[in-house]
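For reference, input-v5.cif is printed below; it contains mmCIF, C-alpha atoms.
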```
data_target
#
loop_
_atom_site.label_atom_id
_atom_site.label_comp_id
_atom_site.auth_asym_id
_atom_site.auth_seq_id
_atom_site.Cartn_x
_atom_site.Cartn_y
_atom_site.Cartn_z
CA MET A 1488 113.41 68.21 211.93
CA ASP A 1489 111.79 71.62 212.39
CA GLN A 1490 109.06 70.17 214.59
CA ILE A 1491 111.58 68.41 216.82
CA TYR A 1492 113.47 71.62 217.53
CA MET A 1493 110.30 73.68 217.86
CA LYS A 1494 109.16 71.25 220.55
CA GLU A 1495 112.39 72.10 222.40
CA ALA A 1496 111.59 75.81 222.05
CA ILE A 1497 108.13 75.05 223.49
CA VAL A 1498 109.82 73.39 226.49
CA GLU A 1499 111.63 76.69 227.04
CA ALA A 1500 108.39 78.67 226.64
CA LYS A 1501 106.80 76.51 229.33
CA LYS A 1502 109.67 77.39 231.67
CA ALA A 1503 108.86 81.07 231.12
CA TYR A 1504 105.17 80.39 231.78
CA ALA A 1505 106.03 78.71 235.08
CA MET A 1506 107.97 81.84 236.09
CA ASP A 1507 105.03 84.10 235.18
CA GLU A 1508 106.89 85.39 232.14
CA VAL A 1509 105.31 85.69 228.70
CA PRO A 1510 105.80 82.13 227.40
CA ILE A 1511 108.24 82.48 224.55
CA GLY A 1512 111.09 80.04 224.09
CA ALA A 1513 113.99 79.72 221.69
CA VAL A 1514 116.71 77.27 220.75
CA ILE A 1515 119.61 77.61 218.35
CA VAL A 1516 120.77 74.61 216.36
CA LYS A 1517 124.00 74.02 214.47
CA TYR A 1518 124.82 70.73 212.73
CA ASN A 1519 121.65 69.15 214.16
CA THR A 1520 122.73 69.93 217.73
CA ILE A 1521 121.13 72.42 220.08
CA ILE A 1522 123.88 74.82 221.11
CA ALA A 1523 121.73 77.31 223.03
CA ARG A 1524 118.32 77.48 224.65
CA ALA A 1525 116.53 80.31 226.42
CA HIS A 1526 113.16 81.69 227.42
CA ASN A 1527 111.76 85.12 228.10
CA LEU A 1528 113.15 86.73 231.27
CA ARG A 1529 112.07 90.37 230.89
CA GLU A 1530 110.10 90.50 234.14
CA HIS A 1531 112.55 88.41 236.13
CA GLU A 1532 115.58 90.40 234.99
CA GLN A 1533 113.74 93.72 234.49
CA LEU A 1534 115.53 94.11 231.16
CA ALA A 1535 113.73 95.15 228.00
CA THR A 1536 116.20 93.12 225.96
CA ALA A 1537 115.77 89.84 227.86
CA HIS A 1538 113.77 88.26 225.03
CA ALA A 1539 114.23 84.54 224.45
CA GLU A 1540 115.89 85.11 221.07
CA ILE A 1541 118.44 87.62 222.39
CA LEU A 1542 119.34 85.38 225.31
CA ALA A 1543 119.71 82.37 223.00
CA ILE A 1544 121.83 84.34 220.52
CA ASN A 1545 124.10 85.50 223.35
CA GLU A 1546 124.49 81.92 224.62
CA ALA A 1547 125.20 80.58 221.12
CA CYS A 1548 127.89 83.23 220.60
CA LYS A 1549 129.52 82.15 223.87
CA GLN A 1550 129.34 78.47 222.88
CA LEU A 1551 130.88 79.13 219.46
CA GLN A 1552 133.23 81.83 220.74
CA SER A 1553 132.12 83.99 217.84
CA TRP A 1554 129.51 86.66 217.20
CA ARG A 1555 128.90 85.08 213.79
CA LEU A 1556 126.24 82.38 213.95
CA GLU A 1557 126.67 81.20 210.38
CA GLY A 1558 125.28 77.71 209.87
CA CYS A 1559 122.82 78.18 212.74
CA THR A 1560 119.03 78.06 212.83
CA LEU A 1561 117.04 79.96 215.44
CA TYR A 1562 113.79 78.30 216.50
CA VAL A 1563 111.37 80.52 218.40
CA THR A 1564 107.77 80.02 219.46
CA LEU A 1565 106.60 83.52 218.44
CA GLU A 1566 107.48 85.59 215.37
CA PRO A 1567 110.41 87.81 216.34
CA CYS A 1568 109.99 91.51 217.08
CA PRO A 1569 112.15 94.15 215.32
CA MET A 1570 114.90 93.89 217.96
CA CYS A 1571 115.13 90.11 217.71
CA SER A 1572 114.87 90.09 213.92
CA GLY A 1573 117.65 92.66 213.84
CA ALA A 1574 119.77 90.53 216.16
CA SER A 1575 119.22 87.57 213.83
CA ILE A 1576 120.47 89.63 210.92
CA LEU A 1577 123.44 91.10 212.81
CA SER A 1578 124.52 87.74 214.25
CA ARG A 1579 124.29 86.20 210.78
CA VAL A 1580 121.90 83.41 211.73
CA ASP A 1581 121.24 81.45 208.53
CA ARG A 1582 117.60 80.67 209.21
CA VAL A 1583 114.78 81.62 211.57
CA VAL A 1584 111.91 79.21 212.22
CA PHE A 1585 108.95 80.45 214.23
CA GLY A 1586 105.67 79.05 215.44
CA ALA A 1587 102.91 81.59 216.02
CA SER A 1588 102.65 84.83 214.06
CA ASP A 1589 102.57 88.11 215.98
CA GLN A 1590 100.16 90.57 214.38
CA LYS A 1591 101.15 93.34 216.81
CA GLY A 1592 104.91 93.14 216.79
CA GLY A 1593 106.12 90.47 214.40
CA SER A 1594 108.66 91.81 211.97
CA ILE A 1595 109.23 88.94 209.57
CA VAL A 1596 105.77 88.52 208.01
CA SER A 1597 103.10 90.17 210.18
CA SER A 1598 103.68 93.88 210.93
CA PHE A 1599 106.40 94.27 208.33
CA SER A 1600 109.13 92.22 206.67
CA MET A 1601 112.48 93.19 208.12
CA PHE A 1602 114.20 90.38 206.23
CA ASP A 1603 113.04 91.97 202.95
CA GLN A 1604 114.42 95.46 203.65
CA GLN A 1605 117.13 96.63 201.26
CA GLY A 1606 120.60 97.47 202.52
CA TYR A 1607 121.58 94.76 204.99
CA ASN A 1608 124.64 92.62 204.40
CA HIS A 1609 122.93 89.43 205.56
CA TYR A 1610 119.44 88.01 205.05
CA PRO A 1611 118.29 84.97 207.01
CA THR A 1612 115.78 82.67 205.39
CA TYR A 1613 112.70 81.84 207.41
CA THR A 1614 109.95 79.30 207.90
CA SER A 1615 106.75 80.27 209.66
CA GLY A 1616 103.91 78.36 211.28
CA VAL A 1617 105.81 75.37 212.70
CA LEU A 1618 103.60 73.98 215.49
CA ALA A 1619 101.81 77.35 215.37
CA ASP A 1620 98.68 76.18 217.18
CA GLU A 1621 100.61 74.79 220.11
CA CYS A 1622 102.78 77.91 220.33
CA ALA A 1623 99.76 80.23 220.10
CA SER A 1624 97.83 78.22 222.71
CA LEU A 1625 100.54 78.77 225.29
CA LEU A 1626 100.32 82.52 224.77
CA LYS A 1627 96.52 82.57 224.75
CA ASP A 1628 96.34 80.50 227.94
CA TYR A 1629 98.90 82.72 229.67
CA PHE A 1630 97.11 85.97 228.85
CA LYS A 1631 93.69 84.51 229.64
CA GLU A 1632 95.01 83.47 233.04
CA LYS A 1633 96.46 86.98 233.59
CA ARG A 1634 93.11 88.62 232.71
CA ASN A 1635 91.20 86.30 235.04
CA LYS A 1636 93.49 87.18 237.98
CA LYS A 1637 92.57 90.87 237.75
#
```
Let me see whether you can do it: turn the structure in this file into structure tokens.
Amino acid sequence: MDQIYMKEAIVEAKKAYAMDEVPIGAVIVKYNTIIARAHNLREHEQLATAHAEILAINEACKQLQSWRLEGCTLYVTLEPCPMCSGASILSRVDRVVFGASDQKGGSIVSSFSMFDQQGYNHYPTYTSGVLADECASLLKDYFKEKRNKK
């Protein structure tokens, strides 16, 4: 099932790519149903917080009419940054599934392990590397294209 939902997150990442946004996409699933989907909109919205995960979390909260996303899984094409990992914790997402690792800013397994820090009242589980090559290729292609335009 993880690959099916990650493919949906990749669809969202491709929407970001088409808008000249960093191609990161996210979906949130509850009871095997996608309840929210989003893609990066930082450039379009000129908001530092307009990451795919934050936008998807906000949409899921609206759909469920609750800030608590218990029973939900967040699928995202790139390992979440500290802000998005923190939002996963604070919204009580049960599980985070990501594709490509982010050596520069990932805060689940790469730069540091936010989900392993002592003191939080909620700890999502996580699965890494789902369709990682496809997720990473989107990012590599995007940044290669950006460099070639300069």
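Among the candidates A:Val1584, A:Ala1539, A:Leu1565, A:Leu1625, the residue lying nearest to Ser1597 of chain A is A:Leu1565 (atoms considered: only C-alpha atoms).
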**Q.** For segment 1491-1494 of chain A: contacts at 12 Å, all atoms listed in the file, fewer than 5 positions along chain excluded, given as a PyMOL selection string
**A.** chain A and resi 1499-1501+1511-1517+1519-1524+1560-1565+1583-1587+1614-1622
Q) Looking at only C-alpha atoms, which of A:Val1580, A:Met1506, A:Ala1623, A:Ile1595 is the one that sits closest to Glu1532 of chain A? A) A:Met1506
Q) Can you tell me how far atom CA of Cys1568 of chain A sits from atom CA of Phe1599 of chain A, in Å to one decimal? A)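 Taking atom CA of Cys1568 of chain A and atom CA of Phe1599 of chain A, their separation equals 9.9 Å.
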**Q.** Point-to-point distance in Å for atom CA of Pro1567 of chain A and atom CA of Gly1593 of chain A
**A.**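 Those two atoms sit 5.4 Å apart.
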Q. Which one is closest to Ser1553 of chain A: A:Arg1579, A:Lys1636, A:Lys1591, A:His1526? Count only C-alpha atoms.
A.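 Smallest separation from Ser1553 of chain A among the options: A:Arg1579.
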Q: List, as a PyMOL selection string, every residue that the PyMOL selection byres ((chain A and resi 1507) around 12) selects in the file provided.
A: chain A and resi 1500-1506+1508-1511+1526-1531+1626+1628-1630+1632-1633
**Q.** Gap from atom CA of Val1596 of chain A to atom CA of Arg1555 of chain A - Å, one decimal
**A.**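 Rounded to one decimal, the two atoms are 24.1 Å apart.
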Test item: axis-aligned box, all listed atoms of segment 1540-1546 of chain A, 4 Å on each side, centre and edges in Å rounded to one decimal, as AutoDock Vina command-line options:
```
--center_x 120.2 --center_y 84.8 --center_z 222.9 --size_x 16.6 --size_y 13.7 --size_z 12.8
```
Q) Closest to Tyr1613 of chain A among A:Ala1535, A:Leu1551, A:Met1601, A:Ala1496, using only C-alpha atoms? A) A:Met1601
